[in-house]
$ cat data37.pdb   # PDB, C-alpha atoms, pLDDT in the B column
ATOM      1  CA  MET A   1     101.310  66.857  97.069  1.00 45.00           C
ATOM      2  CA  ARG A   2      97.794  66.675  98.484  1.00 47.00           C
ATOM      3  CA  GLU A   3      97.054  70.392  98.058  1.00 48.00           C
ATOM      4  CA  SER A   4      98.425  70.334  94.519  1.00 62.00           C
ATOM      5  CA  ARG A   5      96.182  67.413  93.551  1.00 75.00           C
ATOM      6  CA  GLU A   6      93.238  69.172  95.166  1.00 81.00           C
ATOM      7  CA  ILE A   7      93.690  72.435  93.279  1.00 83.00           C
ATOM      8  CA  VAL A   8      94.162  70.590  89.978  1.00 83.00           C
ATOM      9  CA  ALA A   9      90.946  68.648  90.607  1.00 87.00           C
ATOM     10  CA  ARG A  10      89.077  71.848  91.482  1.00 88.00           C
ATOM     11  CA  VAL A  11      90.383  73.600  88.374  1.00 88.00           C
ATOM     12  CA  ARG A  12      89.204  70.726  86.192  1.00 87.00           C
ATOM     13  CA  ALA A  13      85.781  70.798  87.864  1.00 89.00           C
ATOM     14  CA  ALA A  14      85.585  74.574  87.407  1.00 86.00           C
ATOM     15  CA  ARG A  15      86.118  74.247  83.684  1.00 83.00           C
ATOM     16  CA  ARG A  16      83.033  72.049  83.493  1.00 84.00           C
ATOM     17  CA  ASP A  17      80.787  73.856  85.959  1.00 84.00           C
ATOM     18  CA  PRO A  18      80.434  77.674  86.159  1.00 80.00           C
ATOM     19  CA  ARG A  19      79.265  77.409  89.777  1.00 83.00           C
ATOM     20  CA  ALA A  20      82.413  75.494  90.674  1.00 85.00           C
ATOM     21  CA  ALA A  21      84.440  78.193  88.911  1.00 84.00           C
ATOM     22  CA  ASP A  22      82.768  80.953  90.932  1.00 83.00           C
ATOM     23  CA  GLU A  23      83.350  79.023  94.156  1.00 87.00           C
ATOM     24  CA  LEU A  24      87.014  78.515  93.276  1.00 88.00           C
ATOM     25  CA  VAL A  25      87.471  82.240  92.722  1.00 88.00           C
ATOM     26  CA  ARG A  26      85.806  82.975  96.084  1.00 88.00           C
ATOM     27  CA  SER A  27      87.969  80.396  97.826  1.00 88.00           C
ATOM     28  CA  TYR A  28      91.129  81.945  96.446  1.00 90.00           C
ATOM     29  CA  LEU A  29      90.073  85.562  96.949  1.00 90.00           C
ATOM     30  CA  PRO A  30      92.702  86.065  99.706  1.00 91.00           C
ATOM     31  CA  PHE A  31      95.377  84.886  97.249  1.00 91.00           C
ATOM     32  CA  ILE A  32      93.973  87.164  94.525  1.00 92.00           C
ATOM     33  CA  LYS A  33      93.950  90.132  96.910  1.00 92.00           C
ATOM     34  CA  ALA A  34      97.518  89.366  97.978  1.00 92.00           C
ATOM     35  CA  GLU A  35      98.737  89.318  94.380  1.00 92.00           C
ATOM     36  CA  THR A  36      96.868  92.570  93.683  1.00 92.00           C
ATOM     37  CA  ALA A  37      98.399  94.166  96.773  1.00 92.00           C
ATOM     38  CA  LYS A  38     101.877  93.191  95.585  1.00 90.00           C
ATOM     39  CA  PHE A  39     101.227  95.012  92.322  1.00 91.00           C
ATOM     40  CA  MET A  40      99.535  98.075  93.842  1.00 90.00           C
ATOM     41  CA  GLY A  41     101.813  98.431  96.835  1.00 90.00           C
ATOM     42  CA  ARG A  42      98.805  98.453  99.167  1.00 90.00           C
ATOM     43  CA  PRO A  43      95.752  96.261  99.908  1.00 91.00           C
ATOM     44  CA  PRO A  44      93.008  96.690  97.276  1.00 89.00           C
ATOM     45  CA  GLN A  45      89.579  97.910  98.369  1.00 84.00           C
ATOM     46  CA  GLU A  46      86.567  95.994  97.122  1.00 78.00           C
ATOM     47  CA  GLY A  47      84.171  98.132  95.118  1.00 74.00           C
ATOM     48  CA  ARG A  48      86.738 100.892  94.776  1.00 80.00           C
ATOM     49  CA  ASP A  49      89.870  99.584  93.091  1.00 83.00           C
ATOM     50  CA  ASP A  50      89.419  98.361  89.533  1.00 86.00           C
ATOM     51  CA  GLU A  51      92.612  96.349  89.927  1.00 89.00           C
ATOM     52  CA  LEU A  52      90.903  93.804  92.172  1.00 88.00           C
ATOM     53  CA  GLY A  53      88.180  93.097  89.637  1.00 88.00           C
ATOM     54  CA  ILE A  54      90.778  92.688  86.919  1.00 88.00           C
ATOM     55  CA  ALA A  55      92.798  90.333  89.114  1.00 90.00           C
ATOM     56  CA  MET A  56      89.689  88.220  89.777  1.00 90.00           C
ATOM     57  CA  TYR A  57      89.026  88.054  86.046  1.00 87.00           C
ATOM     58  CA  ALA A  58      92.641  87.064  85.400  1.00 88.00           C
ATOM     59  CA  PHE A  59      92.408  84.260  87.980  1.00 91.00           C
ATOM     60  CA  HIS A  60      89.203  82.995  86.360  1.00 89.00           C
ATOM     61  CA  GLU A  61      90.894  83.198  82.963  1.00 86.00           C
ATOM     62  CA  ALA A  62      93.829  81.163  84.300  1.00 88.00           C
ATOM     63  CA  VAL A  63      91.387  78.511  85.525  1.00 88.00           C
ATOM     64  CA  MET A  64      89.679  78.282  82.132  1.00 86.00           C
ATOM     65  CA  THR A  65      92.927  78.023  80.158  1.00 86.00           C
ATOM     66  CA  TYR A  66      95.042  75.950  82.581  1.00 86.00           C
ATOM     67  CA  ASP A  67      97.077  73.117  81.114  1.00 82.00           C
ATOM     68  CA  ARG A  68      98.976  71.035  83.671  1.00 78.00           C
ATOM     69  CA  ALA A  69     101.774  70.503  81.149  1.00 76.00           C
ATOM     70  CA  ARG A  70     102.644  74.188  81.616  1.00 75.00           C
ATOM     71  CA  GLY A  71     103.396  73.702  85.295  1.00 79.00           C
ATOM     72  CA  ALA A  72     101.867  74.232  88.714  1.00 83.00           C
ATOM     73  CA  PHE A  73      98.645  76.258  88.735  1.00 87.00           C
ATOM     74  CA  ILE A  74      99.315  78.817  91.477  1.00 88.00           C
ATOM     75  CA  PRO A  75     102.510  80.330  89.975  1.00 89.00           C
ATOM     76  CA  LEU A  76     100.785  80.499  86.575  1.00 88.00           C
ATOM     77  CA  ALA A  77      97.719  82.157  88.094  1.00 90.00           C
ATOM     78  CA  ALA A  78      99.956  84.709  89.823  1.00 91.00           C
ATOM     79  CA  LEU A  79     101.667  85.435  86.495  1.00 90.00           C
ATOM     80  CA  SER A  80      98.297  85.822  84.749  1.00 89.00           C
ATOM     81  CA  ILE A  81      97.126  88.298  87.388  1.00 92.00           C
ATOM     82  CA  ARG A  82     100.326  90.314  87.160  1.00 90.00           C
ATOM     83  CA  ASN A  83     100.211  90.446  83.346  1.00 89.00           C
ATOM     84  CA  ARG A  84      96.573  91.575  83.311  1.00 88.00           C
ATOM     85  CA  LEU A  85      97.278  94.283  85.871  1.00 90.00           C
ATOM     86  CA  ILE A  86     100.259  95.487  83.871  1.00 89.00           C
ATOM     87  CA  ASP A  87      98.083  95.708  80.752  1.00 82.00           C
ATOM     88  CA  PHE A  88      95.462  97.640  82.732  1.00 81.00           C
ATOM     89  CA  ARG A  89      98.062 100.047  84.092  1.00 82.00           C
ATOM     90  CA  ARG A  90      99.387 100.649  80.585  1.00 78.00           C
ATOM     91  CA  ARG A  91      95.906 101.390  79.234  1.00 73.00           C
ATOM     92  CA  GLU A  92      95.268 103.784  82.087  1.00 69.00           C
ATOM     93  CA  SER A  93      98.526 105.580  81.479  1.00 67.00           C
ATOM     94  CA  ARG A  94      97.507 106.363  77.903  1.00 59.00           C
ATOM     95  CA  HIS A  95      94.680 108.504  79.230  1.00 50.00           C
ATOM     96  CA  ALA A  96      96.852 110.281  81.745  1.00 50.00           C
ATOM     97  CA  GLU A  97      98.412 113.652  81.110  1.00 44.00           C
ATOM     98  CA  VAL A  98     101.338 113.377  78.692  1.00 43.00           C
ATOM     99  CA  VAL A  99     104.620 114.406  80.303  1.00 43.00           C
ATOM    100  CA  SER A 100     107.865 114.932  78.466  1.00 45.00           C
ATOM    101  CA  LEU A 101     110.340 112.177  79.283  1.00 43.00           C
ATOM    102  CA  ASP A 102     113.115 114.736  79.076  1.00 48.00           C
ATOM    103  CA  GLU A 103     111.488 116.875  81.767  1.00 49.00           C
ATOM    104  CA  ARG A 104     113.531 117.080  84.946  1.00 50.00           C
ATOM    105  CA  ARG A 105     111.885 116.569  88.304  1.00 48.00           C
ATOM    106  CA  PRO A 106     112.553 119.097  91.070  1.00 49.00           C
ATOM    107  CA  ALA A 107     115.418 117.670  93.077  1.00 48.00           C
ATOM    108  CA  SER A 108     114.969 117.042  96.780  1.00 45.00           C
ATOM    109  CA  ASP A 109     117.719 116.607  99.340  1.00 46.00           C
ATOM    110  CA  ASP A 110     118.048 112.888  98.541  1.00 46.00           C
ATOM    111  CA  GLU A 111     117.283 112.986  94.822  1.00 48.00           C
ATOM    112  CA  ASP A 112     119.080 114.310  91.794  1.00 52.00           C
ATOM    113  CA  ASP A 113     117.387 116.124  88.935  1.00 55.00           C
ATOM    114  CA  ARG A 114     117.775 113.340  86.371  1.00 55.00           C
ATOM    115  CA  PRO A 115     115.423 113.419  83.371  1.00 54.00           C
ATOM    116  CA  LEU A 116     112.221 111.475  83.916  1.00 49.00           C
ATOM    117  CA  VAL A 117     113.205 108.942  81.248  1.00 49.00           C
ATOM    118  CA  GLU A 118     116.233 107.911  83.341  1.00 56.00           C
ATOM    119  CA  THR A 119     114.171 107.741  86.515  1.00 54.00           C
ATOM    120  CA  LEU A 120     111.527 105.569  84.848  1.00 47.00           C
ATOM    121  CA  ALA A 121     114.191 103.236  83.489  1.00 54.00           C
ATOM    122  CA  ALA A 122     115.630 102.763  86.978  1.00 55.00           C
ATOM    123  CA  GLU A 123     112.177 102.216  88.481  1.00 51.00           C
ATOM    124  CA  LYS A 124     111.350  99.712  85.731  1.00 52.00           C
ATOM    125  CA  ASP A 125     114.483  97.732  86.574  1.00 56.00           C
ATOM    126  CA  GLU A 126     113.516  97.708  90.248  1.00 58.00           C
ATOM    127  CA  ILE A 127     109.989  96.512  89.439  1.00 54.00           C
ATOM    128  CA  SER A 128     111.344  93.794  87.175  1.00 55.00           C
ATOM    129  CA  GLU A 129     113.744  92.606  89.858  1.00 59.00           C
ATOM    130  CA  ARG A 130     110.981  92.639  92.485  1.00 59.00           C
ATOM    131  CA  GLU A 131     108.655  90.634  90.233  1.00 59.00           C
ATOM    132  CA  THR A 132     111.419  88.127  89.576  1.00 59.00           C
ATOM    133  CA  ARG A 133     111.984  87.715  93.306  1.00 62.00           C
ATOM    134  CA  LEU A 134     108.265  87.246  93.918  1.00 61.00           C
ATOM    135  CA  ALA A 135     108.029  84.646  91.145  1.00 61.00           C
ATOM    136  CA  SER A 136     111.068  82.855  92.549  1.00 66.00           C
ATOM    137  CA  ARG A 137     109.580  82.725  96.043  1.00 70.00           C
ATOM    138  CA  ALA A 138     106.259  81.403  94.725  1.00 71.00           C
ATOM    139  CA  GLU A 139     108.002  78.729  92.674  1.00 71.00           C
ATOM    140  CA  ILE A 140     110.245  77.649  95.549  1.00 76.00           C
ATOM    141  CA  ALA A 141     107.252  77.420  97.890  1.00 76.00           C
ATOM    142  CA  GLU A 142     105.335  75.270  95.410  1.00 77.00           C
ATOM    143  CA  PHE A 143     108.364  73.057  94.777  1.00 79.00           C
ATOM    144  CA  ALA A 144     108.964  72.589  98.509  1.00 81.00           C
ATOM    145  CA  SER A 145     105.310  71.724  98.981  1.00 82.00           C
ATOM    146  CA  GLN A 146     105.441  69.042  96.281  1.00 83.00           C
ATOM    147  CA  LEU A 147     108.671  67.645  97.707  1.00 85.00           C
ATOM    148  CA  ARG A 148     106.923  67.151 101.035  1.00 87.00           C
ATOM    149  CA  ASP A 149     104.653  64.627  99.360  1.00 86.00           C
ATOM    150  CA  PHE A 150     107.798  62.527  98.876  1.00 89.00           C
ATOM    151  CA  GLY A 151     108.870  63.058 102.483  1.00 89.00           C
ATOM    152  CA  ILE A 152     111.680  65.355 101.334  1.00 87.00           C
ATOM    153  CA  THR A 153     112.633  68.893 102.352  1.00 85.00           C
ATOM    154  CA  LEU A 154     114.713  71.461 100.498  1.00 78.00           C
ATOM    155  CA  PHE A 155     117.393  70.975 103.163  1.00 77.00           C
ATOM    156  CA  ASP A 156     117.446  67.241 102.325  1.00 80.00           C
ATOM    157  CA  VAL A 157     118.004  68.085  98.654  1.00 79.00           C
ATOM    158  CA  THR A 158     120.857  70.437  99.505  1.00 75.00           C
ATOM    159  CA  GLU A 159     122.510  67.848 101.719  1.00 77.00           C
ATOM    160  CA  SER A 160     122.149  65.074  99.126  1.00 79.00           C
ATOM    161  CA  CYS A 161     123.624  66.998  96.214  1.00 79.00           C
ATOM    162  CA  PRO A 162     126.463  64.879  94.758  1.00 81.00           C
ATOM    163  CA  GLN A 163     129.970  66.096  95.509  1.00 77.00           C
ATOM    164  CA  GLN A 164     131.878  64.297  92.776  1.00 83.00           C
ATOM    165  CA  ARG A 165     131.760  65.192  89.102  1.00 84.00           C
ATOM    166  CA  ARG A 166     131.345  61.583  87.979  1.00 88.00           C
ATOM    167  CA  THR A 167     128.304  61.212  90.238  1.00 88.00           C
ATOM    168  CA  LEU A 168     126.772  64.404  88.876  1.00 86.00           C
ATOM    169  CA  GLU A 169     127.305  63.093  85.366  1.00 88.00           C
ATOM    170  CA  ALA A 170     125.646  59.812  86.331  1.00 91.00           C
ATOM    171  CA  CYS A 171     122.626  61.681  87.697  1.00 89.00           C
ATOM    172  CA  GLY A 172     122.590  63.739  84.505  1.00 88.00           C
ATOM    173  CA  ARG A 173     122.392  60.557  82.423  1.00 92.00           C
ATOM    174  CA  ALA A 174     119.520  59.288  84.550  1.00 93.00           C
ATOM    175  CA  LEU A 175     117.719  62.609  84.073  1.00 89.00           C
ATOM    176  CA  ALA A 176     118.298  62.523  80.309  1.00 91.00           C
ATOM    177  CA  HIS A 177     116.790  59.043  80.118  1.00 93.00           C
ATOM    178  CA  ALA A 178     113.751  60.127  82.150  1.00 91.00           C
ATOM    179  CA  ARG A 179     113.201  63.181  79.959  1.00 88.00           C
ATOM    180  CA  ALA A 180     113.405  61.005  76.853  1.00 90.00           C
ATOM    181  CA  ASN A 181     110.823  58.682  78.410  1.00 90.00           C
ATOM    182  CA  PRO A 182     108.114  60.911  79.938  1.00 87.00           C
ATOM    183  CA  GLU A 183     106.227  57.883  81.257  1.00 89.00           C
ATOM    184  CA  LEU A 184     108.947  57.585  83.912  1.00 91.00           C
ATOM    185  CA  LEU A 185     108.236  61.128  85.085  1.00 87.00           C
ATOM    186  CA  GLU A 186     104.512  60.377  85.121  1.00 87.00           C
ATOM    187  CA  ARG A 187     105.148  57.244  87.182  1.00 89.00           C
ATOM    188  CA  LEU A 188     107.177  59.279  89.655  1.00 90.00           C
ATOM    189  CA  LEU A 189     104.218  61.594  90.211  1.00 87.00           C
ATOM    190  CA  ALA A 190     101.659  58.792  90.352  1.00 87.00           C
ATOM    191  CA  THR A 191     103.498  56.419  92.690  1.00 90.00           C
ATOM    192  CA  LYS A 192     105.693  58.898  94.594  1.00 90.00           C
ATOM    193  CA  LYS A 193     108.528  56.419  94.034  1.00 91.00           C
ATOM    194  CA  LEU A 194     111.680  56.798  91.978  1.00 93.00           C
ATOM    195  CA  PRO A 195     111.698  54.188  89.132  1.00 93.00           C
ATOM    196  CA  ILE A 196     115.271  53.192  89.894  1.00 94.00           C
ATOM    197  CA  THR A 197     115.306  49.864  88.024  1.00 94.00           C
ATOM    198  CA  ASP A 198     114.154  51.433  84.758  1.00 95.00           C
ATOM    199  CA  LEU A 199     116.429  54.445  85.214  1.00 95.00           C
ATOM    200  CA  ALA A 200     119.427  52.179  85.785  1.00 95.00           C
ATOM    201  CA  ARG A 201     118.588  49.965  82.827  1.00 94.00           C
ATOM    202  CA  GLY A 202     117.958  52.871  80.456  1.00 95.00           C
ATOM    203  CA  SER A 203     120.789  55.167  81.522  1.00 94.00           C
ATOM    204  CA  GLY A 204     123.488  52.585  82.214  1.00 94.00           C
ATOM    205  CA  VAL A 205     124.011  53.973  85.726  1.00 94.00           C
ATOM    206  CA  GLU A 206     124.442  51.454  88.527  1.00 94.00           C
ATOM    207  CA  LYS A 207     121.427  51.010  90.765  1.00 94.00           C
ATOM    208  CA  LYS A 208     123.489  51.519  93.910  1.00 93.00           C
ATOM    209  CA  THR A 209     124.548  54.949  92.626  1.00 92.00           C
ATOM    210  CA  LEU A 210     120.946  55.919  92.004  1.00 94.00           C
ATOM    211  CA  GLU A 211     119.890  54.529  95.377  1.00 93.00           C
ATOM    212  CA  ARG A 212     122.587  56.529  97.152  1.00 92.00           C
ATOM    213  CA  HIS A 213     121.348  59.761  95.558  1.00 91.00           C
ATOM    214  CA  ARG A 214     117.637  58.995  95.544  1.00 92.00           C
ATOM    215  CA  THR A 215     116.682  62.276  97.260  1.00 91.00           C
ATOM    216  CA  TYR A 216     118.594  64.425  94.805  1.00 90.00           C
ATOM    217  CA  LEU A 217     117.203  62.493  91.827  1.00 92.00           C
ATOM    218  CA  VAL A 218     113.619  62.844  93.032  1.00 91.00           C
ATOM    219  CA  ALA A 219     114.097  66.614  93.218  1.00 88.00           C
ATOM    220  CA  LEU A 220     115.827  66.698  89.846  1.00 87.00           C
ATOM    221  CA  LEU A 221     113.105  64.719  88.072  1.00 89.00           C
ATOM    222  CA  LEU A 222     110.287  66.520  89.877  1.00 87.00           C
ATOM    223  CA  ALA A 223     111.609  69.831  88.571  1.00 84.00           C
ATOM    224  CA  TYR A 224     111.026  68.529  85.044  1.00 81.00           C
ATOM    225  CA  THR A 225     107.428  67.421  85.632  1.00 76.00           C
ATOM    226  CA  ASN A 226     106.079  70.951  86.139  1.00 66.00           C
ATOM    227  CA  GLY A 227     106.868  74.528  85.206  1.00 62.00           C
ATOM    228  CA  PHE A 228     109.658  74.974  87.726  1.00 72.00           C
ATOM    229  CA  GLU A 229     111.811  76.928  85.289  1.00 71.00           C
ATOM    230  CA  ILE A 230     113.813  78.824  87.913  1.00 68.00           C
ATOM    231  CA  ILE A 231     114.577  75.736  89.999  1.00 73.00           C
ATOM    232  CA  ARG A 232     115.193  73.658  86.888  1.00 71.00           C
ATOM    233  CA  GLY A 233     117.756  76.177  85.676  1.00 66.00           C
ATOM    234  CA  HIS A 234     119.526  76.097  89.031  1.00 63.00           C
ATOM    235  CA  LEU A 235     119.655  72.305  89.186  1.00 62.00           C
ATOM    236  CA  HIS A 236     120.757  72.136  85.563  1.00 55.00           C
ATOM    237  CA  LYS A 237     123.701  74.418  86.335  1.00 50.00           C
ATOM    238  CA  ILE A 238     124.703  72.140  89.204  1.00 49.00           C
ATOM    239  CA  VAL A 239     124.622  69.105  86.907  1.00 50.00           C
ATOM    240  CA  GLU A 240     126.749  70.888  84.305  1.00 51.00           C
ATOM    241  CA  ARG A 241     129.196  72.543  86.722  1.00 45.00           C
ATOM    242  CA  PRO A 242     132.803  71.667  85.811  1.00 40.00           C
ATOM    243  CA  GLY A 243     135.390  70.427  88.264  1.00 40.00           C
ATOM    244  CA  GLY A 244     135.283  67.905  91.046  1.00 36.00           C
ATOM    245  CA  ASP A 245     133.126  69.830  93.496  1.00 36.00           C
ATOM    246  CA  ALA A 246     129.403  70.199  92.972  1.00 34.00           C
ATOM    247  CA  ARG A 247     129.013  73.142  95.283  1.00 33.00           C
TER     248      ARG A 247
END

$ encode --input "data37.pdb" --output "structure tokens"
Amino acid sequence: MRESREIVARVRAARRDPRAADELVRSYLPFIKAETAKFMGRPPQEGRDDELGIAMYAFHEAVMTYDRARGAFIPLAALSIRNRLIDFRRRESRHAEVVSLDERRPASDDEDDRPLVETLAAEKDEISERETRLASRAEIAEFASQLRDFGITLFDVTESCPQQRRTLEACGRALAHARANPELLERLLATKKLPITDLARGSGVEKKTLERHRTYLVALLLAYTNGFEIIRGHLHKIVERPGGDAR
């Protein structure tokens, strides 16, 4: 993906040059503000909300510590921002007035009078679910963007998913061989071509089978070249699904 290569190159340059780092932060300020707004529930105001400054620091920290082996930069930067903001919120809460968790809130027409500890637990679950959804959307967007560099869409991947169990198992063997030989994954990224000959030779799967499911295999292998944990888990379940139908 062109944009992915560009951001990786800019991150590497930023680690060598403080001016490049400052410019990168400025360039991605809209992204930083968006991530801060997700956490705060409203747009942050420059010079007023400490959260924005913390988010900018977290983005800069992500740049300085980024390792491509951990996955795509943008999802990791978003996670770094969220974690820093959570830490900040926790520190702030320690200075707030202490309230008994067993205290009951006055009930309104649409609320019960559950103890605060139960209310907080429910709200925590909602926040966790929301953050998971946000992380999933960011990962899917990044994955779709990288697929486009191969001329593939998510719809193409869905349509090319093998239907027969024996074909899924064959693709699983090809994946296992690629994971055992990381140079094949690196070649996939460098050339934007599936190394079918080497996959067939190493996995024992016929070339025509790999050719027929090239699109699915590209997506499967690509998921293992970056930190696409959510997508990887989904594809892994498809590969392992019992029975004759893959969907």

$ residues_near_point --input "data37.pdb" --point "(123.1, 52.5, 84.4)" --cutoff "12 Å" --atoms "all atoms listed in the file" --output "ChimeraX atom specification"
/A:167,169-177,196-211

$ resolve_selection --input "data37.pdb" --expression "the PyMOL selection byres ((chain A and resi 79) around 12)" --output "mmCIF file with C-alpha atoms, in the coordinates of the input"
data_model
loop_
_atom_site.group_PDB
_atom_site.id
_atom_site.type_symbol
_atom_site.label_atom_id
_atom_site.label_comp_id
_atom_site.auth_asym_id
_atom_site.auth_seq_id
_atom_site.Cartn_x
_atom_site.Cartn_y
_atom_site.Cartn_z
ATOM 1 C CA ILE A 32 93.973 87.164 94.525
ATOM 2 C CA GLU A 35 98.737 89.318 94.380
ATOM 3 C CA THR A 36 96.868 92.570 93.683
ATOM 4 C CA LYS A 38 101.877 93.191 95.585
ATOM 5 C CA PHE A 39 101.227 95.012 92.322
ATOM 6 C CA ALA A 55 92.798 90.333 89.114
ATOM 7 C CA ALA A 58 92.641 87.064 85.400
ATOM 8 C CA PHE A 59 92.408 84.260 87.980
ATOM 9 C CA GLU A 61 90.894 83.198 82.963
ATOM 10 C CA ALA A 62 93.829 81.163 84.300
ATOM 11 C CA GLY A 71 103.396 73.702 85.295
ATOM 12 C CA ALA A 72 101.867 74.232 88.714
ATOM 13 C CA PHE A 73 98.645 76.258 88.735
ATOM 14 C CA ILE A 74 99.315 78.817 91.477
ATOM 15 C CA PRO A 75 102.510 80.330 89.975
ATOM 16 C CA LEU A 76 100.785 80.499 86.575
ATOM 17 C CA ALA A 77 97.719 82.157 88.094
ATOM 18 C CA ALA A 78 99.956 84.709 89.823
ATOM 19 C CA SER A 80 98.297 85.822 84.749
ATOM 20 C CA ILE A 81 97.126 88.298 87.388
ATOM 21 C CA ARG A 82 100.326 90.314 87.160
ATOM 22 C CA ASN A 83 100.211 90.446 83.346
ATOM 23 C CA ARG A 84 96.573 91.575 83.311
ATOM 24 C CA LEU A 85 97.278 94.283 85.871
ATOM 25 C CA ILE A 86 100.259 95.487 83.871
ATOM 26 C CA GLU A 131 108.655 90.634 90.233
ATOM 27 C CA THR A 132 111.419 88.127 89.576
ATOM 28 C CA LEU A 134 108.265 87.246 93.918
ATOM 29 C CA ALA A 135 108.029 84.646 91.145
ATOM 30 C CA SER A 136 111.068 82.855 92.549
ATOM 31 C CA ALA A 138 106.259 81.403 94.725
ATOM 32 C CA GLU A 139 108.002 78.729 92.674
#

$ atom_distance --input "data37.pdb" --atom1 "CA of Gly47 (chain A)" --atom2 "CA of Ala34 (chain A)"
16.2 Å

$ residues_around --input "data37.pdb" --residues "Val8 (chain A)" --least-positions-apart "3" --cutoff "10 Å" --atoms "all atoms listed in the file" --output "PyMOL selection string"
chain A and resi 3-5+11-14+63+66-68+72-74

$ axis_aligned_box --input "data37.pdb" --around "region 140-146 of chain A" --padding-each-side "8 Å" --output "JSON"
{"center_x": 107.8, "center_y": 73.3, "center_z": 96.9, "size_x": 20.9, "size_y": 24.6, "size_z": 20.2}

$ closest_residue --input "data37.pdb" --among "A:Ile140, A:Ala190, A:Leu29, A:Ala178" --to "Leu221 (chain A)" --atoms "all atoms listed in the file"
A:Ala178
